[in-house]
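Asker: Coordinates in final.cif, mmCIF, C-alpha atoms and all ligand atoms, are listed below.
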```
data_protein
#
loop_
_atom_site.label_atom_id
_atom_site.label_comp_id
_atom_site.auth_asym_id
_atom_site.auth_seq_id
_atom_site.Cartn_x
_atom_site.Cartn_y
_atom_site.Cartn_z
CA MET A 1 20.18 24.09 44.44
CA LEU A 2 19.74 27.79 44.08
CA PRO A 3 16.31 29.35 44.00
CA GLY A 4 17.32 31.05 40.77
CA ARG A 5 17.56 27.68 39.10
CA TYR A 6 13.99 26.85 40.10
CA LEU A 7 12.92 30.16 38.75
CA LEU A 8 14.62 29.41 35.45
CA MET A 9 12.94 25.99 35.22
CA PHE A 10 9.63 27.55 36.13
CA MET A 11 10.06 30.11 33.39
CA VAL A 12 10.98 27.43 30.88
CA VAL A 13 7.86 25.44 31.78
CA ILE A 14 5.63 28.49 31.61
CA TRP A 15 7.24 29.55 28.33
CA GLY A 16 6.47 26.11 26.94
CA MET A 17 2.86 26.26 28.12
CA ILE A 18 2.32 29.67 26.66
CA SER A 19 4.18 29.37 23.38
CA VAL A 20 3.16 25.89 22.22
CA PRO A 21 -0.62 26.33 22.34
CA ALA A 22 -0.22 29.77 20.82
CA CYS A 23 1.43 28.51 17.60
CA ALA A 24 0.56 24.84 17.29
CA ALA A 25 -2.15 24.08 14.78
CA THR A 26 -4.22 21.02 14.04
CA ILE A 27 -4.19 20.02 10.41
CA GLN A 28 -6.81 17.64 9.10
CA VAL A 29 -6.11 15.13 6.35
CA SER A 30 -9.17 13.31 5.10
CA ILE A 31 -9.07 9.83 3.59
CA ASP A 32 -11.76 9.17 1.04
CA ASN A 33 -11.63 6.28 -1.42
CA LEU A 34 -7.97 5.60 -0.68
CA VAL A 35 -6.80 9.18 -1.21
CA PHE A 36 -5.07 11.36 1.40
CA SER A 37 -6.40 14.86 0.99
CA PRO A 38 -4.54 17.16 0.97
CA ALA A 39 -1.88 14.81 -0.33
CA GLU A 40 0.79 17.43 0.36
CA LEU A 41 0.84 19.88 3.24
CA LYS A 42 3.08 22.29 5.09
CA ALA A 43 3.28 22.13 8.88
CA ARG A 44 5.46 23.17 11.81
CA VAL A 45 7.04 21.16 14.58
CA GLY A 46 4.44 20.97 17.37
CA ASP A 47 1.48 20.89 14.99
CA THR A 48 -0.97 18.01 15.19
CA ILE A 49 -2.00 16.03 12.14
CA THR A 50 -5.41 14.35 12.34
CA TRP A 51 -6.32 11.78 9.71
CA ILE A 52 -10.05 11.38 9.17
CA ASN A 53 -10.75 8.00 7.61
CA ARG A 54 -14.09 7.91 5.78
CA ASP A 55 -13.35 4.56 4.14
CA ILE A 56 -14.73 1.14 5.10
CA VAL A 57 -11.21 -0.29 5.38
CA ALA A 58 -8.30 0.43 7.73
CA HIS A 59 -5.26 2.38 6.54
CA THR A 60 -1.97 3.53 8.02
CA ALA A 61 0.20 6.62 7.75
CA THR A 62 3.64 5.09 7.75
CA VAL A 63 7.15 6.41 7.25
CA ARG A 64 9.95 3.94 6.59
CA GLY A 65 12.08 4.06 9.73
CA GLY A 66 9.70 6.59 11.27
CA PHE A 67 6.16 6.87 12.58
CA ASP A 68 3.44 4.32 11.94
CA VAL A 69 -0.09 5.51 12.67
CA LYS A 70 -2.84 2.90 12.40
CA ILE A 71 -6.01 4.47 10.99
CA GLU A 72 -9.00 2.19 11.51
CA ALA A 73 -12.14 2.52 9.38
CA ASN A 74 -14.19 5.54 10.44
CA SER A 75 -11.59 6.69 12.97
CA SER A 76 -9.49 9.85 13.26
CA PRO A 77 -6.17 9.33 15.02
CA SER A 78 -3.70 12.17 15.58
CA LEU A 79 0.04 12.64 15.61
CA VAL A 80 2.07 15.53 17.02
CA LEU A 81 4.97 16.44 14.73
CA THR A 82 8.27 16.46 16.59
CA LYS A 83 10.89 16.77 13.86
CA ALA A 84 11.48 19.14 10.96
CA GLY A 85 12.01 17.80 7.47
CA ILE A 86 10.25 16.49 4.39
CA VAL A 87 8.27 13.40 5.32
CA ASP A 88 6.92 11.01 2.70
CA TYR A 89 4.40 8.64 4.14
CA TYR A 90 2.29 5.85 2.68
CA CYS A 91 -0.26 3.25 3.70
CA ARG A 92 1.23 -0.13 4.57
CA PHE A 93 -1.96 -1.91 3.48
CA HIS A 94 -2.39 0.00 0.23
CA PRO A 95 1.01 1.33 -0.89
CA ASN A 96 -0.72 3.18 -3.73
CA MET A 97 -1.79 5.73 -1.05
CA LYS A 98 0.87 8.41 -0.58
CA GLY A 99 1.22 11.70 1.26
CA ARG A 100 3.91 14.28 1.93
CA MET A 101 4.45 16.73 4.79
CA THR A 102 6.95 19.55 4.70
CA ILE A 103 7.67 20.29 8.35
CA THR A 104 9.54 23.42 9.38
CA ALA A 105 10.99 24.24 12.82
CA GLU A 106 8.66 26.02 15.27
CA MET B 1 -9.28 -6.03 -56.90
CA LEU B 2 -7.80 -3.77 -54.33
CA VAL B 3 -11.24 -2.37 -53.62
CA ARG B 4 -12.74 -5.83 -53.34
CA SER B 5 -10.13 -7.12 -50.91
CA SER B 6 -10.38 -4.11 -48.64
CA THR B 7 -14.15 -4.53 -48.64
CA ALA B 8 -13.65 -8.16 -47.72
CA ILE B 9 -11.35 -7.18 -44.85
CA ALA B 10 -13.90 -4.65 -43.65
CA ALA B 11 -16.58 -7.35 -43.78
CA ILE B 12 -14.42 -9.69 -41.70
CA CYS B 13 -13.83 -6.95 -39.16
CA ILE B 14 -17.52 -6.25 -38.84
CA LEU B 15 -18.29 -9.96 -38.54
CA SER B 16 -15.68 -10.63 -35.86
CA GLY B 17 -16.83 -7.53 -34.01
CA ALA B 18 -20.38 -8.86 -34.01
CA ALA B 19 -19.17 -12.32 -32.99
CA PHE B 20 -17.25 -10.81 -30.08
CA ALA B 21 -20.24 -8.82 -28.91
CA GLN B 22 -22.40 -11.95 -28.95
CA GLY B 23 -19.71 -14.32 -27.70
CA ALA B 24 -18.60 -12.26 -24.71
CA ALA B 25 -21.48 -12.79 -22.34
CA LYS B 26 -22.72 -9.50 -21.01
CA PRO B 27 -22.99 -10.13 -17.28
CA THR B 28 -26.07 -8.87 -15.47
CA ASP B 29 -25.97 -7.02 -12.13
CA PRO B 30 -26.93 -10.15 -10.12
CA GLN B 31 -24.08 -12.02 -11.85
CA ILE B 32 -21.61 -9.16 -11.39
CA ALA B 33 -22.46 -8.98 -7.68
CA HIS B 34 -21.94 -12.73 -7.40
CA ILE B 35 -18.56 -12.62 -9.19
CA ALA B 36 -17.25 -9.71 -7.08
CA TYR B 37 -18.45 -11.29 -3.82
CA THR B 38 -16.99 -14.69 -4.75
CA ALA B 39 -13.64 -13.14 -5.68
CA GLY B 40 -13.48 -11.54 -2.22
CA GLN B 41 -14.48 -14.71 -0.35
CA LEU B 42 -11.87 -16.75 -2.22
CA ASP B 43 -9.15 -14.30 -1.23
CA ILE B 44 -10.29 -14.49 2.41
CA GLU B 45 -9.99 -18.30 2.26
CA ALA B 46 -6.52 -18.02 0.74
CA ALA B 47 -5.53 -15.61 3.54
CA LYS B 48 -6.87 -17.96 6.21
CA GLN B 49 -4.77 -20.76 4.77
CA ALA B 50 -1.72 -18.45 4.91
CA LEU B 51 -2.46 -17.52 8.53
CA SER B 52 -2.63 -21.21 9.44
CA LYS B 53 0.64 -22.06 7.67
CA SER B 54 2.97 -19.06 7.56
CA THR B 55 5.20 -17.72 10.33
CA ASN B 56 6.61 -14.86 8.22
CA ARG B 57 5.69 -11.48 9.74
CA ASP B 58 5.16 -9.68 6.42
CA VAL B 59 3.16 -12.54 4.93
CA ARG B 60 0.93 -12.73 8.00
CA ALA B 61 0.41 -8.95 8.06
CA PHE B 62 -0.56 -9.09 4.39
CA ALA B 63 -2.97 -11.99 4.96
CA GLU B 64 -4.56 -10.20 7.92
CA GLY B 65 -5.05 -7.16 5.70
CA MET B 66 -6.75 -9.33 3.07
CA VAL B 67 -9.16 -10.80 5.63
CA GLY B 68 -9.99 -7.34 7.00
CA ASP B 69 -10.43 -5.53 3.69
CA HIS B 70 -12.30 -8.22 1.76
CA THR B 71 -14.59 -8.79 4.74
CA ALA B 72 -15.37 -5.07 4.88
CA VAL B 73 -15.99 -4.79 1.13
CA ASN B 74 -18.15 -7.93 1.03
CA LYS B 75 -20.20 -6.74 3.99
CA GLU B 76 -20.85 -3.53 2.05
CA ALA B 77 -21.75 -5.61 -1.02
CA LEU B 78 -24.23 -7.73 0.96
CA ASP B 79 -25.81 -4.61 2.47
CA LEU B 80 -26.14 -3.15 -1.02
CA VAL B 81 -27.73 -6.19 -2.69
CA THR B 82 -30.14 -6.47 0.23
CA LYS B 83 -31.07 -2.81 -0.16
CA LEU B 84 -31.44 -3.14 -3.93
CA LYS B 85 -33.34 -6.45 -3.54
CA VAL B 86 -30.89 -8.09 -5.93
CA THR B 87 -30.18 -11.80 -5.48
CA PRO B 88 -26.59 -12.59 -6.53
CA GLU B 89 -26.70 -15.21 -9.26
CA ASP B 90 -24.15 -18.00 -9.67
CA ASN B 91 -22.56 -18.13 -13.11
CA ASP B 92 -19.72 -19.67 -15.14
CA THR B 93 -17.20 -16.98 -14.17
CA SER B 94 -17.87 -17.46 -10.44
CA ARG B 95 -17.62 -21.22 -10.85
CA ALA B 96 -14.34 -20.95 -12.80
CA LEU B 97 -12.89 -18.64 -10.12
CA SER B 98 -13.91 -21.04 -7.33
CA LYS B 99 -12.50 -24.05 -9.17
CA ALA B 100 -9.14 -22.31 -9.83
CA ALA B 101 -8.93 -21.18 -6.19
CA ALA B 102 -9.68 -24.68 -4.87
CA ASP B 103 -6.93 -26.13 -7.08
CA LYS B 104 -4.49 -23.47 -5.89
CA ARG B 105 -5.37 -24.12 -2.23
CA ALA B 106 -4.68 -27.84 -2.70
CA GLU B 107 -1.36 -27.03 -4.36
CA LEU B 108 -0.33 -24.62 -1.57
CA ALA B 109 -1.41 -27.10 1.12
CA ARG B 110 1.49 -29.34 0.09
CA LEU B 111 4.07 -26.56 0.62
CA SER B 112 5.57 -25.17 3.82
CA GLY B 113 7.99 -22.52 5.07
CA ALA B 114 9.55 -20.20 2.50
CA ASP B 115 8.18 -22.30 -0.37
CA PHE B 116 4.66 -21.71 0.85
CA ASP B 117 5.27 -17.98 1.49
CA ASN B 118 6.69 -17.43 -2.00
CA ALA B 119 3.93 -19.37 -3.73
CA TYR B 120 1.14 -17.75 -1.72
CA VAL B 121 2.38 -14.20 -2.31
CA ALA B 122 3.10 -14.82 -6.01
CA ASN B 123 -0.43 -16.14 -6.40
CA GLU B 124 -1.83 -13.10 -4.57
CA VAL B 125 -0.08 -10.81 -7.08
CA ALA B 126 -1.47 -12.82 -10.00
CA TYR B 127 -4.93 -13.19 -8.45
CA HIS B 128 -5.35 -9.47 -7.77
CA LYS B 129 -4.11 -8.68 -11.29
CA THR B 130 -6.77 -10.99 -12.75
CA VAL B 131 -9.56 -9.66 -10.55
CA ASN B 132 -8.58 -6.02 -11.16
CA ASP B 133 -8.46 -6.65 -14.88
CA ALA B 134 -11.94 -8.21 -14.77
CA LEU B 135 -13.23 -5.25 -12.74
CA GLU B 136 -11.78 -2.71 -15.16
CA THR B 137 -12.72 -4.35 -18.44
CA THR B 138 -15.95 -6.17 -17.64
CA LEU B 139 -17.57 -5.85 -14.23
CA ILE B 140 -17.47 -2.05 -13.84
CA PRO B 141 -18.37 -1.21 -17.48
CA PHE B 142 -21.30 -3.67 -17.51
CA ALA B 143 -22.68 -2.80 -14.07
CA SER B 144 -25.90 -0.88 -14.64
CA ASN B 145 -26.86 0.12 -11.09
CA PRO B 146 -24.86 3.25 -10.17
CA GLU B 147 -24.43 2.19 -6.52
CA LEU B 148 -23.11 -1.21 -7.56
CA LYS B 149 -20.79 0.47 -10.06
CA SER B 150 -19.51 2.82 -7.38
CA LEU B 151 -18.86 -0.01 -4.90
CA LEU B 152 -16.97 -1.92 -7.58
CA GLU B 153 -14.88 1.19 -8.28
CA THR B 154 -14.02 1.50 -4.58
CA GLY B 155 -13.21 -2.21 -4.57
CA LEU B 156 -10.91 -1.76 -7.56
CA LYS B 157 -8.93 0.96 -5.75
CA ILE B 158 -8.59 -1.20 -2.65
CA PHE B 159 -7.56 -4.26 -4.66
CA GLN B 160 -5.04 -2.25 -6.67
CA GLY B 161 -3.53 -1.40 -3.28
CA HIS B 162 -3.46 -5.11 -2.45
CA GLU B 163 -1.70 -5.87 -5.72
CA GLN B 164 1.04 -3.35 -4.90
CA HIS B 165 1.25 -4.60 -1.32
CA ALA B 166 1.63 -8.19 -2.57
CA GLU B 167 4.36 -7.06 -4.98
CA GLN B 168 6.23 -5.39 -2.10
CA VAL B 169 5.97 -8.49 0.08
CA ALA B 170 7.11 -10.67 -2.84
CA ALA B 171 10.14 -8.43 -3.39
CA ALA B 172 11.01 -8.49 0.33
CA LEU B 173 10.85 -12.32 0.40
CA LYS B 174 13.61 -12.55 -2.21
CU CU C 201 -4.71 2.04 2.97
#
```
Output the structure of this file as structure tokens.

Answerer:
Amino acid sequence: MLPGRYLLMFMVVIWGMISVPACAATIQVSIDNLVFSPAELKARVGDTITWINRDIVAHTATVRGGFDVKIEANSSPSLVLTKAGIVDYYCRFHPNMKGRMTITAE
Amino acid sequence: MLVRSSTAIAAICILSGAAFAQGAAKPTDPQIAHIAYTAGQLDIEAAKQALSKSTNRDVRAFAEGMVGDHTAVNKEALDLVTKLKVTPEDNDTSRALSKAAADKRAELARLSGADFDNAYVANEVAYHKTVNDALETTLIPFASNPELKSLLETGLKIFQGHEQHAEQVAAALK
């Protein structure tokens, strides 16, 4: 292997370390009385979504064929967004709970 | 003649209105608390029966959700009545609910496999519809304590979620 290749990898790693924390945001979605709030949000790939469950029952943030985040009562789990697109999610336990994320590339 | 008959109709309307107001027992807070708590406990028992009989993944997940949610809501209800120093009071509605649930449990006990799953989930749809209807039309409007009212409103939202969840499971079983 050539030293130049190491240098390139090193630069890629450093670039990743510098650029991701610089742009990535954490977006909070609260759950109160079975309502995701905000119900709709805009985010970028690399952002973190944190659901803050203030209810006495467990919920989920679930996408058919996609992610499935279990949100216990009084807990606040997070998810890092990895893919761009419009994501409609719902709660598996209470399908009347719905949310939407519009995720754009970094 | 026309005047007389319309007066008569009006009189009948007023009478039946009065009869309804007297006939429909106005439940008190101790009775409302008892009905709501009983409704939750009965659904927990139904879920436990499902967990002992069903091997279907969706049915079991639904039943586990029922145990978790109704336990959480009923714990909140017990904490509230303790705080308010209200003693839940047994009543005809609670007794009718318990009787109907016991009959249903006996009926379901004789079924197994897909027959059980279908019957259990269909009953969960119907049961939550009945309970939600009672919450909306009677229990919430008649609750006088604001904290009790608010807990019942939260319960209604949760149980409406259960109704939809049960409908989804029922559709997936077909
Ligand atoms: Cu939920």

Asker: Which residues sit within 8 Å of ligand CU 201 (chain C), counting only C-alpha atoms and all ligand atoms, listed as a ChimeraX atom specification?

Answerer: /A:34,57-60,90-97 /B:158,161

Asker: Write out as an mmCIF file with C-alpha atoms, in the coordinates of the input the residues lying within 9 Å of Gln160 in chain B, counting only C-alpha atoms and excluding same-chain residues fewer than 5 positions away.

Answerer:
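part.cif, freshly written:
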```
data_model
loop_
_atom_site.group_PDB
_atom_site.id
_atom_site.type_symbol
_atom_site.label_atom_id
_atom_site.label_comp_id
_atom_site.auth_asym_id
_atom_site.auth_seq_id
_atom_site.Cartn_x
_atom_site.Cartn_y
_atom_site.Cartn_z
ATOM 1 C CA HIS A 94 -2.390 0.000 0.230
ATOM 2 C CA ASN A 96 -0.720 3.180 -3.730
ATOM 3 C CA HIS B 128 -5.350 -9.470 -7.770
ATOM 4 C CA LYS B 129 -4.110 -8.680 -11.290
ATOM 5 C CA ASN B 132 -8.580 -6.020 -11.160
ATOM 6 C CA GLY B 155 -13.210 -2.210 -4.570
ATOM 7 C CA HIS B 165 1.250 -4.600 -1.320
#
```

Asker: As number ranges by chain, could you give me every residue of chain B near chain A (at most 7 Å apart, counting only C-alpha atoms)?

Answerer: B: 65, 69, 72, 154, 157-158, 161-162, 164-165

Asker: At what distance in Å, to one decimal, does CA of His34 in chain B lie from CA of Lys83 in chain B?

Answerer: 15.3 Å

Asker: Within 10 Å of range 93-98 of chain B, counting all atoms listed in the file, which residues qualify if same-chain residues fewer than 4 places away don't, as a list in words?

Answerer: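 In the requested format, the answer is Pro27, Gln31, Ile32, His34, Ile35, Ala36, Tyr37, Thr38, Ala39, Gln41, Leu42, Glu89, Ala102, Asp103, Lys104, Tyr127 and Val131 of chain B.
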
Asker: How would the residues just picked look written out with C-alpha atoms as a compact mmCIF listing (two decimals), keeping the file's coordinate frame?

Answerer:
```txt
# COMPACT_ATOMS: atom_id res chain seq x y z
CA PRO B 27 -22.99 -10.13 -17.28
CA GLN B 31 -24.08 -12.02 -11.85
CA ILE B 32 -21.61 -9.16 -11.39
CA HIS B 34 -21.94 -12.73 -7.40
CA ILE B 35 -18.56 -12.62 -9.19
CA ALA B 36 -17.25 -9.71 -7.08
CA TYR B 37 -18.45 -11.29 -3.82
CA THR B 38 -16.99 -14.69 -4.75
CA ALA B 39 -13.64 -13.14 -5.68
CA GLN B 41 -14.48 -14.71 -0.35
CA LEU B 42 -11.87 -16.75 -2.22
CA GLU B 89 -26.70 -15.21 -9.26
CA ALA B 102 -9.68 -24.68 -4.87
CA ASP B 103 -6.93 -26.13 -7.08
CA LYS B 104 -4.49 -23.47 -5.89
CA TYR B 127 -4.93 -13.19 -8.45
CA VAL B 131 -9.56 -9.66 -10.55
```

Asker: Quick one: pull the distance between CA of Leu151 in chain B and CA of Ile44 in chain B, Å, one decimal.

Answerer: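 A separation of 18.3 Å between them.
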
Asker: Which residues, written as a list of chain:residue names, have at least one atom at most 7 Å from Ile86 in chain A, with all atoms listed in the file counted and residues fewer than 4 positions away on the same chain left out?

Answerer: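 So, after excluding close chain neighbours, the residues are A:Met101, A:Thr102, A:Ile103.
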
Asker: Write a file of the selected residues as a PDB file, in the frame of the given file, keeping C-alpha atoms.

Answerer:
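The resulting file, result.pdb, is reproduced below:
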```pdb
ATOM      1  CA  MET A 101       4.450  16.730   4.790  1.00  0.00           C
ATOM      2  CA  THR A 102       6.950  19.550   4.700  1.00  0.00           C
ATOM      3  CA  ILE A 103       7.670  20.290   8.350  1.00  0.00           C
TER       4      ILE A 103
END
```

Asker: Considering only C-alpha atoms, can you say which of A:Val80, A:Arg54, A:Val69, A:Val63 comes closest to Ile27 in chain A?

Answerer: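 That would be A:Val80, the residue with the smallest distance to Ile27 in chain A.
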
Asker: Which residue out of B:Asn118, B:Leu139, B:Val169, B:Phe159 has the minimum interatomic distance to Met66 in chain B when only C-alpha atoms are used?

Answerer: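 Going through B:Asn118, B:Leu139, B:Val169, B:Phe159 one by one, the smallest distance to Met66 in chain B is for B:Phe159.
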
Asker: So the first atom is CA of Ala63 in chain B and the second is CA of Ala119 in chain B; what is the distance between them in Å, to one decimal place?

Answerer: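 Between CA of Ala63 in chain B and CA of Ala119 in chain B the gap is 13.3 Å.
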
Asker: Tell me, as a ChimeraX atom specification, which residues lie within 9 Å of Ala109 in chain B, counting all atoms listed in the file; anything in the same chain fewer than 4 positions away does not count.

Answerer: /B:49,53,104-105,116

Asker: Could those selected residues go to a file with C-alpha atoms, as a PDB file, in the frame of the given file?

Answerer:
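That gives us part_11.pdb:
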```pdb
ATOM      1  CA  GLN B  49      -4.770 -20.760   4.770  1.00  0.00           C
ATOM      2  CA  LYS B  53       0.640 -22.060   7.670  1.00  0.00           C
ATOM      3  CA  LYS B 104      -4.490 -23.470  -5.890  1.00  0.00           C
ATOM      4  CA  ARG B 105      -5.370 -24.120  -2.230  1.00  0.00           C
ATOM      5  CA  PHE B 116       4.660 -21.710   0.850  1.00  0.00           C
TER       6      PHE B 116
END
```

Asker: Using all atoms listed in the file, determine which residues lie at most 9 Å from Asp58 in chain B, disregarding the query and same-chain residues fewer than 3 positions distant; provide the list as number ranges by chain.

Answerer: B: 55, 61-63, 169, 172-173

Asker: Could you write out the selected residues, including C-alpha atoms, as a tab-separated table (two decimals), in the frame of the given file?

Answerer:
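Wrote part-v6.tsv, looks like this:
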```
chain	number	residue	atom	x	y	z
B	55	THR	CA	5.20	-17.72	10.33
B	61	ALA	CA	0.41	-8.95	8.06
B	62	PHE	CA	-0.56	-9.09	4.39
B	63	ALA	CA	-2.97	-11.99	4.96
B	169	VAL	CA	5.97	-8.49	0.08
B	172	ALA	CA	11.01	-8.49	0.33
B	173	LEU	CA	10.85	-12.32	0.40
```

Asker: Would you kindly identify which residues have an atom no farther than 8 Å from (-10.3, 14.0, 4.8), using all atoms listed in the file and the file's own coordinates, and write them out as a PyMOL selection string?

Answerer: chain A and resi 28-32+36-38+51-54

Asker: Smallest atom-to-atom distance to Ala122 in chain B: which of B:Lys75, B:Lys48, B:Lys174, B:Lys85, using all atoms listed in the file?

Answerer: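 Going through B:Lys75, B:Lys48, B:Lys174, B:Lys85 one by one, the smallest distance to Ala122 in chain B is for B:Lys174.
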